[in-house]
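Q: Data file upload26.cif (mmCIF, C-alpha atoms) is appended below.
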data_upload
loop_
_atom_site.label_atom_id
_atom_site.label_comp_id
_atom_site.auth_asym_id
_atom_site.auth_seq_id
_atom_site.Cartn_x
_atom_site.Cartn_y
_atom_site.Cartn_z
CA MET A 1 130.47 96.06 112.48
CA ALA A 2 129.92 98.66 109.74
CA ASN A 3 129.52 102.29 110.77
CA LYS A 4 125.98 102.19 109.38
CA ASP A 5 125.04 99.37 111.73
CA VAL A 6 126.03 101.46 114.74
CA LEU A 7 123.57 104.12 113.61
CA ILE A 8 120.86 101.59 112.77
CA GLN A 9 121.11 100.16 116.29
CA ALA A 10 120.37 103.60 117.72
CA LEU A 11 117.48 104.06 115.31
CA ASN A 12 116.12 100.74 116.60
CA TYR A 13 116.38 102.20 120.11
CA GLU A 14 119.28 99.97 121.05
CA GLU A 15 122.57 101.01 122.62
CA PRO A 16 125.48 100.38 120.24
CA ALA A 17 129.00 99.52 121.45
CA ARG A 18 130.03 103.10 120.71
CA VAL A 19 128.25 106.41 120.19
CA PRO A 20 126.75 106.82 116.68
CA TRP A 21 127.94 109.97 114.92
CA VAL A 22 126.23 111.89 112.11
CA PRO A 23 127.84 115.16 110.97
CA TYR A 24 125.28 117.05 108.89
CA VAL A 25 127.58 117.95 106.03
CA GLY A 26 125.59 120.10 103.63
CA VAL A 27 127.23 123.04 101.89
CA HIS A 28 130.21 122.43 104.18
CA GLY A 29 131.00 119.60 101.75
CA GLY A 30 131.70 122.33 99.20
CA TYR A 31 134.12 124.00 101.60
CA LEU A 32 135.89 120.66 102.09
CA ILE A 33 136.61 120.42 98.37
CA GLY A 34 137.20 124.12 97.72
CA LYS A 35 133.93 124.92 95.94
CA ASP A 36 131.33 127.61 96.59
CA ALA A 37 127.95 126.56 97.99
CA ASP A 38 126.01 127.55 94.85
CA GLU A 39 128.31 125.60 92.55
CA TYR A 40 128.32 122.65 94.97
CA LEU A 41 124.53 122.37 95.10
CA ASN A 42 124.29 122.46 91.32
CA SER A 43 126.61 119.55 90.54
CA ALA A 44 126.16 115.82 91.11
CA GLU A 45 129.90 115.34 90.77
CA LEU A 46 130.69 117.95 93.45
CA LEU A 47 128.02 116.61 95.82
CA TYR A 48 129.60 113.19 95.44
CA GLN A 49 133.13 114.52 95.97
CA GLY A 50 132.06 116.50 99.04
CA ALA A 51 130.35 113.49 100.61
CA MET A 52 133.35 111.26 99.95
CA LYS A 53 135.69 113.84 101.45
CA ALA A 54 133.46 114.11 104.51
CA ILE A 55 133.47 110.32 104.89
CA GLU A 56 137.25 110.27 104.67
CA GLU A 57 137.80 113.15 107.10
CA TYR A 58 134.94 112.76 109.58
CA ARG A 59 134.39 108.97 109.68
CA PRO A 60 130.60 109.27 110.03
CA ASP A 61 128.06 106.55 110.74
CA GLY A 62 125.46 108.48 108.79
CA LEU A 63 125.62 111.29 106.24
CA PRO A 64 123.07 113.35 104.26
CA ILE A 65 123.14 113.13 100.46
CA ALA A 66 122.35 116.86 100.25
CA PHE A 67 121.11 119.42 102.76
CA ASP A 68 119.04 121.84 100.72
CA LEU A 69 115.50 122.50 101.90
CA GLN A 70 114.79 124.66 98.88
CA LEU A 71 115.10 121.88 96.31
CA GLU A 72 111.38 121.06 96.24
CA ALA A 73 110.29 124.72 96.42
CA GLU A 74 112.47 125.58 93.43
CA VAL A 75 110.89 122.80 91.38
CA LEU A 76 107.44 124.07 92.35
CA GLY A 77 108.23 127.55 91.05
CA CYS A 78 109.61 129.55 94.00
CA ASP A 79 112.40 132.00 93.24
CA LEU A 80 115.71 131.35 94.98
CA ALA A 81 118.52 133.70 95.98
CA TRP A 82 121.92 132.03 95.78
CA VAL A 83 125.02 132.90 97.77
CA LYS A 84 128.52 131.48 98.00
CA ASP A 85 128.49 130.30 101.61
CA ASN A 86 124.94 129.17 102.37
CA PRO A 87 122.21 127.04 100.86
CA PRO A 88 119.87 129.18 98.74
CA ALA A 89 116.96 131.05 100.31
CA VAL A 90 113.44 131.33 98.92
CA LYS A 91 112.74 134.89 97.83
CA GLY A 92 109.56 134.57 95.85
CA HIS A 93 106.56 132.49 96.94
CA VAL A 94 104.87 130.66 94.12
CA LEU A 95 101.39 130.90 95.65
CA ASP A 96 101.65 134.68 95.30
CA LYS A 97 101.62 134.08 91.55
CA VAL A 98 99.50 130.99 90.94
CA SER A 99 96.85 129.01 92.80
CA LEU A 100 97.46 125.71 94.57
CA SER A 101 95.49 123.83 91.93
CA ASP A 102 98.07 124.94 89.34
CA LEU A 103 100.90 123.13 91.15
CA ARG A 104 101.94 119.61 90.19
CA LEU A 105 103.93 117.13 92.23
CA PRO A 106 107.67 117.17 91.48
CA THR A 107 109.01 114.44 89.24
CA GLU A 108 112.46 112.91 89.07
CA GLY A 109 113.42 114.97 86.04
CA ASP A 110 112.53 118.38 87.48
CA GLY A 111 114.97 121.11 88.51
CA ARG A 112 117.95 119.81 90.46
CA MET A 113 116.25 116.50 91.34
CA PRO A 114 118.30 114.52 88.78
CA LEU A 115 121.63 115.60 90.21
CA VAL A 116 120.64 114.86 93.81
CA LEU A 117 119.18 111.48 92.87
CA LYS A 118 122.24 110.64 90.76
CA THR A 119 124.43 111.45 93.78
CA ALA A 120 122.25 109.22 95.93
CA GLU A 121 122.57 106.33 93.47
CA ARG A 122 126.33 106.67 93.26
CA LEU A 123 126.84 106.93 97.02
CA VAL A 124 124.53 103.97 97.70
CA GLN A 125 126.55 101.90 95.25
CA GLU A 126 129.96 102.92 96.59
CA VAL A 127 129.51 103.41 100.34
CA GLY A 128 125.94 102.36 101.08
CA LYS A 129 126.98 99.21 102.92
CA ASP A 130 129.19 101.13 105.33
CA ILE A 131 127.50 104.50 105.80
CA GLY A 132 123.91 105.23 106.78
CA LEU A 133 123.06 107.51 103.86
CA MET A 134 120.24 109.90 104.64
CA GLY A 135 117.74 111.34 102.21
CA LEU A 136 116.68 114.73 103.49
CA VAL A 137 113.28 115.99 102.40
CA CYS A 138 111.81 119.41 103.07
CA GLY A 139 109.19 119.05 105.80
CA PRO A 140 105.62 119.98 104.85
CA PHE A 141 105.36 123.01 107.14
CA THR A 142 108.66 124.48 105.96
CA LEU A 143 107.58 123.82 102.38
CA GLY A 144 104.29 125.54 103.17
CA LEU A 145 106.25 128.62 104.26
CA HIS A 146 108.24 128.45 101.03
CA LEU A 147 105.06 128.29 98.95
CA MET A 148 102.94 130.83 100.86
CA GLY A 149 105.43 132.96 102.77
CA SER A 150 105.16 134.05 106.39
CA LYS A 151 101.47 134.92 106.00
CA ILE A 152 100.79 131.21 106.57
CA VAL A 153 100.95 132.01 110.30
CA SER A 154 98.07 134.51 110.15
CA LYS A 155 96.11 132.17 107.92
CA MET A 156 96.45 129.33 110.43
CA VAL A 157 94.18 131.47 112.61
CA LYS A 158 92.02 133.22 110.03
CA LYS A 159 91.80 130.72 107.17
CA PRO A 160 92.75 127.33 108.63
CA ASP A 161 91.07 125.38 105.82
CA GLU A 162 93.26 127.12 103.23
CA VAL A 163 96.38 126.25 105.22
CA LEU A 164 95.25 122.64 105.65
CA GLU A 165 94.79 122.40 101.89
CA VAL A 166 98.31 123.67 101.27
CA MET A 167 99.65 121.32 103.94
CA GLY A 168 97.89 118.42 102.23
CA PHE A 169 99.74 119.20 99.01
CA CYS A 170 103.06 119.65 100.83
CA ALA A 171 102.54 116.28 102.52
CA LYS A 172 102.26 114.64 99.08
CA VAL A 173 105.43 116.40 97.89
CA CYS A 174 107.27 115.22 100.99
CA ALA A 175 106.16 111.61 100.45
CA GLU A 176 107.07 111.74 96.76
CA MET A 177 110.54 113.08 97.52
CA ALA A 178 111.00 110.32 100.12
CA ARG A 179 109.96 107.74 97.53
CA MET A 180 112.56 109.01 95.06
CA TYR A 181 115.30 108.46 97.64
CA LEU A 182 113.90 105.12 98.82
CA ASP A 183 113.73 103.84 95.25
CA ARG A 184 117.48 104.41 95.05
CA GLY A 185 118.27 102.36 98.12
CA ILE A 186 118.40 105.11 100.73
CA GLU A 187 117.46 103.55 104.06
CA ILE A 188 117.04 106.62 106.28
CA ILE A 189 114.70 109.50 105.47
CA ALA A 190 114.88 112.70 107.48
CA VAL A 191 111.87 114.98 107.22
CA VAL A 192 113.54 118.32 107.88
CA ASP A 193 110.98 120.78 109.19
CA PRO A 194 112.82 123.58 111.01
CA MET A 195 109.89 126.00 110.91
CA THR A 196 107.92 123.84 113.34
CA SER A 197 109.83 125.27 116.29
CA THR A 198 108.18 128.63 115.61
CA ILE A 199 104.58 127.54 116.21
CA SER A 200 102.59 126.32 119.21
CA PRO A 201 102.20 122.63 120.11
CA LYS A 202 98.48 122.97 119.38
CA PHE A 203 99.12 124.21 115.85
CA PHE A 204 101.87 121.62 115.40
CA ASP A 205 99.40 118.83 116.20
CA LYS A 206 96.61 120.32 114.09
CA PHE A 207 98.44 121.44 110.95
CA VAL A 208 101.72 119.53 110.87
CA VAL A 209 101.48 116.08 112.45
CA PRO A 210 98.90 114.72 109.94
CA SER A 211 101.03 116.03 107.08
CA TYR A 212 103.82 113.58 108.00
CA ASP A 213 101.57 110.54 107.50
CA PRO A 214 102.02 110.04 103.73
CA ALA A 215 105.83 110.12 104.05
CA ILE A 216 105.77 107.82 107.08
CA GLU A 217 103.57 105.39 105.17
CA ILE A 218 105.95 105.09 102.26
CA ILE A 219 109.04 104.95 104.51
CA ASN A 220 107.45 102.09 106.45
CA LYS A 221 106.48 100.35 103.22
CA PHE A 222 110.18 100.30 102.28
CA LYS A 223 111.05 99.14 105.85
CA ALA A 224 113.31 102.17 106.09
CA TYR A 225 113.96 104.52 109.01
CA SER A 226 112.35 107.90 109.63
CA LEU A 227 113.56 110.94 111.51
CA CYS A 228 112.14 114.41 112.00
CA PHE A 229 114.67 117.26 112.16
CA VAL A 230 113.79 120.54 113.84
CA CYS A 231 115.87 123.55 114.81
CA GLY A 232 115.62 126.66 116.93
CA ASN A 233 114.18 126.47 120.41
CA ALA A 234 111.78 123.58 119.87
CA THR A 235 111.26 122.98 123.59
CA ARG A 236 107.51 123.59 123.25
CA ILE A 237 107.02 120.71 120.82
CA ILE A 238 109.51 118.13 122.14
CA PRO A 239 106.75 115.95 123.68
CA ASN A 240 104.85 116.14 120.38
CA LEU A 241 107.96 115.18 118.40
CA SER A 242 108.60 112.21 120.65
CA ARG A 243 105.04 110.98 119.99
CA LEU A 244 105.41 111.07 116.19
CA ASN A 245 105.14 107.73 114.46
CA MET A 246 108.79 108.00 113.37
CA HIS A 247 111.93 106.30 114.62
CA GLY A 248 113.25 109.48 116.18
CA PHE A 249 113.99 113.15 115.91
CA ALA A 250 116.89 115.59 115.89
CA VAL A 251 117.22 118.91 117.67
CA ASP A 252 119.64 121.79 117.79
CA GLU A 253 121.60 123.47 120.53
CA ASN A 254 118.92 125.96 121.59
CA LEU A 255 117.36 123.64 124.13
CA ASP A 256 117.97 121.46 127.16
CA PHE A 257 119.30 118.18 125.81
CA LYS A 258 118.61 116.40 129.10
CA TYR A 259 114.92 117.19 128.69
CA VAL A 260 115.05 115.98 125.07
CA ALA A 261 116.61 112.67 126.16
CA GLU A 262 113.98 112.16 128.87
CA GLU A 263 111.07 112.85 126.51
CA ALA A 264 112.50 110.69 123.71
CA ARG A 265 113.02 107.78 126.09
CA LYS A 266 109.44 107.94 127.34
CA ASN A 267 108.46 106.79 123.85
CA ARG A 268 111.58 104.73 123.04
CA LYS A 269 112.58 107.10 120.23
CA ALA A 270 116.03 107.80 118.83
CA PHE A 271 117.21 111.38 119.38
CA ALA A 272 120.09 113.27 117.78
CA GLY A 273 121.94 116.37 118.86
CA ASN A 274 123.15 118.76 119.87
CA LEU A 275 126.70 119.96 119.27
CA PRO A 276 126.88 123.76 119.09
CA LEU A 277 127.30 124.96 115.53
CA THR A 278 128.71 128.44 115.81
CA THR A 279 130.27 128.66 119.27
CA GLY A 280 131.65 125.14 118.79
CA LEU A 281 132.24 123.81 115.31
CA LEU A 282 132.59 127.18 113.57
CA PHE A 283 134.51 129.35 116.07
CA GLY A 284 135.52 127.02 118.90
CA GLU A 285 138.88 125.45 119.58
CA VAL A 286 139.49 121.73 119.23
CA GLU A 287 139.58 121.23 123.02
CA GLU A 288 136.26 123.06 123.42
CA ASN A 289 134.61 120.88 120.80
CA ILE A 290 135.82 117.74 122.51
CA GLN A 291 134.38 119.08 125.74
CA TYR A 292 131.04 119.91 124.07
CA ALA A 293 130.89 116.42 122.58
CA GLU A 294 131.73 114.81 125.92
CA GLU A 295 128.94 116.79 127.55
CA CYS A 296 126.43 115.70 124.87
CA ILE A 297 127.51 112.09 125.23
CA GLU A 298 127.28 112.23 129.02
CA ILE A 299 123.70 113.51 128.79
CA GLY A 300 122.57 111.37 125.89
CA LYS A 301 124.40 108.07 126.37
CA GLY A 302 122.18 105.04 126.22
CA PRO A 303 119.62 103.61 123.81
CA GLY A 304 118.62 105.77 120.90
CA PHE A 305 121.27 108.47 121.29
CA ILE A 306 122.98 109.84 118.16
CA LEU A 307 125.71 112.46 118.40
CA ALA A 308 125.15 115.17 115.78
CA PRO A 309 125.51 118.90 115.24
CA GLY A 310 122.54 121.09 116.02
CA CYS A 311 121.71 121.61 112.36
CA ASP A 312 123.19 121.87 108.88
CA MET A 313 126.88 122.61 109.46
CA PRO A 314 127.93 126.13 108.43
CA TYR A 315 129.96 126.32 105.23
CA PHE A 316 133.09 127.53 107.02
CA CYS A 317 133.06 124.98 109.89
CA GLU A 318 136.58 124.28 111.04
CA PRO A 319 137.42 120.74 109.83
CA GLU A 320 139.84 120.15 112.71
CA ASN A 321 136.96 120.66 115.15
CA VAL A 322 134.81 118.10 113.38
CA LYS A 323 137.71 115.67 113.14
CA ALA A 324 138.26 116.03 116.87
CA VAL A 325 134.67 114.97 117.54
CA ALA A 326 135.13 112.01 115.17
CA GLY A 327 138.31 111.10 117.05
CA LEU A 328 136.47 111.14 120.35
CA VAL A 329 133.71 108.90 118.97
CA HIS A 330 136.12 106.41 117.45
CA GLY A 331 138.54 106.50 120.38
CA LYS A 332 141.46 107.73 118.26
CA MET B 1 111.68 164.34 114.14
CA GLY B 2 109.27 161.41 113.52
CA LYS B 3 108.76 158.35 115.66
CA HIS B 4 111.42 155.68 115.54
CA VAL B 5 111.78 152.02 116.48
CA LEU B 6 114.80 149.71 116.35
CA ILE B 7 114.32 146.08 115.32
CA GLU B 8 117.22 143.74 115.93
CA LEU B 9 117.20 140.21 114.56
CA PHE B 10 119.49 137.57 116.00
CA THR B 11 119.85 134.94 113.30
CA LEU B 12 122.19 132.30 112.00
CA ASP B 13 121.86 134.04 108.64
CA SER B 14 118.62 135.06 106.97
CA ALA B 15 120.26 134.34 103.62
CA GLY B 16 120.41 130.61 104.24
CA CYS B 17 118.48 129.39 107.27
CA ALA B 18 114.73 128.96 106.74
CA PRO B 19 113.47 130.10 110.19
CA CYS B 20 115.77 133.14 109.98
CA THR B 21 114.62 133.88 106.42
CA TYR B 22 110.97 133.93 107.46
CA ILE B 23 111.53 135.93 110.64
CA LYS B 24 113.24 138.53 108.44
CA GLU B 25 110.38 138.36 105.92
CA VAL B 26 107.67 138.97 108.52
CA VAL B 27 109.67 141.89 109.94
CA ASP B 28 110.20 143.41 106.49
CA ASN B 29 106.49 143.05 105.70
CA ALA B 30 105.45 144.61 109.00
CA CYS B 31 107.89 147.47 108.61
CA SER B 32 106.49 148.33 105.20
CA LYS B 33 103.08 148.88 106.82
CA ILE B 34 104.04 150.90 109.86
CA ASP B 35 103.87 154.66 110.20
CA GLY B 36 107.25 155.85 111.44
CA GLU B 37 110.94 155.26 110.96
CA VAL B 38 112.09 151.68 111.44
CA GLU B 39 115.71 150.65 111.67
CA ILE B 40 116.40 146.93 111.11
CA VAL B 41 119.71 145.39 112.16
CA GLU B 42 120.46 141.71 111.62
CA HIS B 43 123.05 140.17 113.95
CA LYS B 44 124.22 136.98 112.26
CA ILE B 45 125.79 134.68 114.81
CA LYS B 46 128.09 133.38 112.11
CA ASP B 47 130.02 136.50 113.11
CA LYS B 48 131.88 136.31 116.41
CA ALA B 49 130.79 139.82 117.40
CA ALA B 50 127.14 138.78 117.12
CA VAL B 51 127.72 135.75 119.35
CA LYS B 52 129.25 138.06 121.98
CA LEU B 53 126.36 140.50 121.68
CA MET B 54 123.82 137.68 121.93
CA LYS B 55 125.34 136.60 125.26
CA GLU B 56 125.49 140.17 126.56
CA ARG B 57 121.85 140.74 125.71
CA GLY B 58 120.64 137.47 127.20
CA VAL B 59 119.31 136.13 123.90
CA LYS B 60 119.23 132.37 124.23
CA SER B 61 118.01 131.12 120.88
CA ILE B 62 117.79 132.02 117.23
CA PRO B 63 115.93 133.47 115.51
CA THR B 64 115.02 136.19 117.99
CA ILE B 65 113.34 139.56 117.40
CA CYS B 66 114.26 142.41 119.74
CA ILE B 67 112.35 145.69 119.60
CA ASN B 68 114.13 148.66 121.15
CA SER B 69 116.36 146.13 122.95
CA ASP B 70 113.41 144.18 124.44
CA ILE B 71 113.48 140.47 123.61
CA VAL B 72 109.99 140.07 122.15
CA TYR B 73 109.96 136.88 120.06
CA GLU B 74 112.33 133.96 120.61
CA SER B 75 112.02 131.10 118.11
CA LEU B 76 108.51 132.29 117.37
CA LEU B 77 107.17 133.47 114.04
CA PRO B 78 104.69 136.23 114.94
CA GLU B 79 101.60 137.20 113.05
CA GLU B 80 102.31 140.37 111.12
CA GLU B 81 99.54 142.35 112.83
CA GLU B 82 100.74 141.33 116.27
CA LEU B 83 104.29 142.34 115.41
CA ILE B 84 103.06 145.73 114.17
CA LYS B 85 101.30 146.27 117.51
CA GLU B 86 104.46 145.39 119.43
CA MET B 87 106.44 147.83 117.30
CA GLU B 88 103.87 150.61 117.67
CA LYS B 89 103.85 150.19 121.46
CA ARG B 90 107.57 150.92 121.50
CA MET B 91 107.66 153.80 119.00
CA LYS B 92 109.39 156.83 120.48
#
Please re-express this file's structure in structure tokens.

A:
Amino acid sequence: MANKDVLIQALNYEEPARVPWVPYVGVHGGYLIGKDADEYLNSAELLYQGAMKAIEEYRPDGLPIAFDLQLEAEVLGCDLAWVKDNPPAVKGHVLDKVSLSDLRLPTEGDGRMPLVLKTAERLVQEVGKDIGLMGLVCGPFTLGLHLMGSKIVSKMVKKPDEVLEVMGFCAKVCAEMARMYLDRGIEIIAVVDPMTSTISPKFFDKFVVPSYDPAIEIINKFKAYSLCFVCGNATRIIPNLSRLNMHGFAVDENLDFKYVAEEARKNRKAFAGNLPLTTGLLFGEVEENIQYAEECIEIGKGPGFILAPGCDMPYFCEPENVKAVAGLVHGK
Amino acid sequence: MGKHVLIELFTLDSAGCAPCTYIKEVVDNACSKIDGEVEIVEHKIKDKAAVKLMKERGVKSIPTICINSDIVYESLLPEEEELIKEMEKRMK
């Protein structure tokens, strides 16, 4: 059985013969090949090399093409600040400069889209049969923050119609980005919306849940798989996440994984998590990481469970720690 | 001497993690509108010392905003006006 099939079984809410394993190698792929994060995220060749190195070293069942939630925002006109050991951060919000009606949906030739899509094409061709390649798209609420800035929170109370309009646009961007990946043969789309853990369940249902519909529609049309990634302490919205019309969701280490497993299983959803990023993969010893992984597996084992780090792996993650987790999963 | 308040942010890194970036942004915006001296310290848990401090202080998740050592917002993006009120309450 191919590694990808192990992951697909979990996404279908089945229990594979072994635990599915998805290391979220983003800028860490640059570290693996000796390149800075900014250079890495600006080169199709380096993204390809980093992914291939991660496949060789970490023996994953699934792997992101790129983990950069600022890709869409950059195309739409937000200013980015680049550093050597992180993905870029948005520093200027485009809706401070122009109105929403001035924005156009991203196209395949805009910004860094061509290099990410080229990487997707190449990886699909070379390893797509064996590895569950994941197209990561910036979730609509996180994109809304990129476009509007943190004032979106006040406006959810004071000017909800304005926020809903922005969210409607972000939903279209999210669906369009998913389509670009799906057109290239990517079979798993992760809508990565980390900002959702910072709002109430009520606001999540009102402003965010409907914004996932266009992406879900196109993912289903391609008969592909859908996941929602969150981070931070998302405990408040776990029941809401498990009710989404997606195949599953992924959480980070800031919450009770037993509770996550229980809620996911109420709705027969796949759930991924939640290896500690800093205390484990970044600073921990090999033995500690094996212990963390064993604890996750003990809690999560069964249908739908996917072993994964809590979020995008830090640039300087210790490769031996990640390899140790891979060894545990593969039994050697 | 004027009034003073200490804001501590526990983050992964506001330079590369979206929730941390926006927590920092809302704090910066609030601080620019408050009357008094504000000291902002970011504890990035990509540094071992920050992980140790996080445990000592009982901070359980990131991003977290502490005001004068009180844990005020954990994984919650506050409205700017609400944050200003919380800061003003603790001005000394």

Q: Counting all atoms listed in the file, which residues come within 6 Å of (121.0, 130.0, 101.5), with the point read in the file's coordinates, and could you list them as a ChimeraX atom specification?

A: /A:86-89 /B:15-16

Q: Take the residues from that selection and put them in a file with C-alpha atoms, as a compact mmCIF listing (two decimals), in the frame of the given file.

A:
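File again_21.txt, as written:
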# COMPACT_ATOMS: atom_id res chain seq x y z
CA ASN A 86 124.94 129.17 102.37
CA PRO A 87 122.21 127.04 100.86
CA PRO A 88 119.87 129.18 98.74
CA ALA A 89 116.96 131.05 100.31
CA ALA B 15 120.26 134.34 103.62
CA GLY B 16 120.41 130.61 104.24

Q: Within 7 Å of chain B, which residues of chain A show up when using only C-alpha atoms, listed as a list in words?

A: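 Every residue meeting the condition is included here: Asn86, Pro87, Pro88, Ala89, Ser150, Val153, Ser154, Pro194, Met195, Ser197, Thr198, Ile199, Gly232, Asn233, Asn254 and Thr278 of chain A.
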
Q: Could you pull the residues within 10 Å of range 124-126 of chain A, counting only C-alpha atoms, minus those fewer than 3 positions along the same chain, as a PyMOL selection string?

A: chain A and resi 52+65+118-121+129-133+184-187

Q: Could you tell me how far CA of Asp68 in chain A sits from CA of Pro114 in chain A, in Å to one decimal place?

A: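 According to the coordinates, CA of Pro114 in chain A and CA of Asp68 in chain A are separated by 14.0 Å.
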
Q: What does the distance between CA of Cys296 in chain A and CA of Ala54 in chain A come to in Å, to one decimal place?

A: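 That distance, rounded to one decimal, is 21.6 Å.
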
Q: Would you work out the distance separating CA of Trp21 in chain A from CA of Val208 in chain A, expressed in Å to one decimal?

A: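 Computed distance, CA of Trp21 in chain A to CA of Val208 in chain A, equals 28.2 Å.
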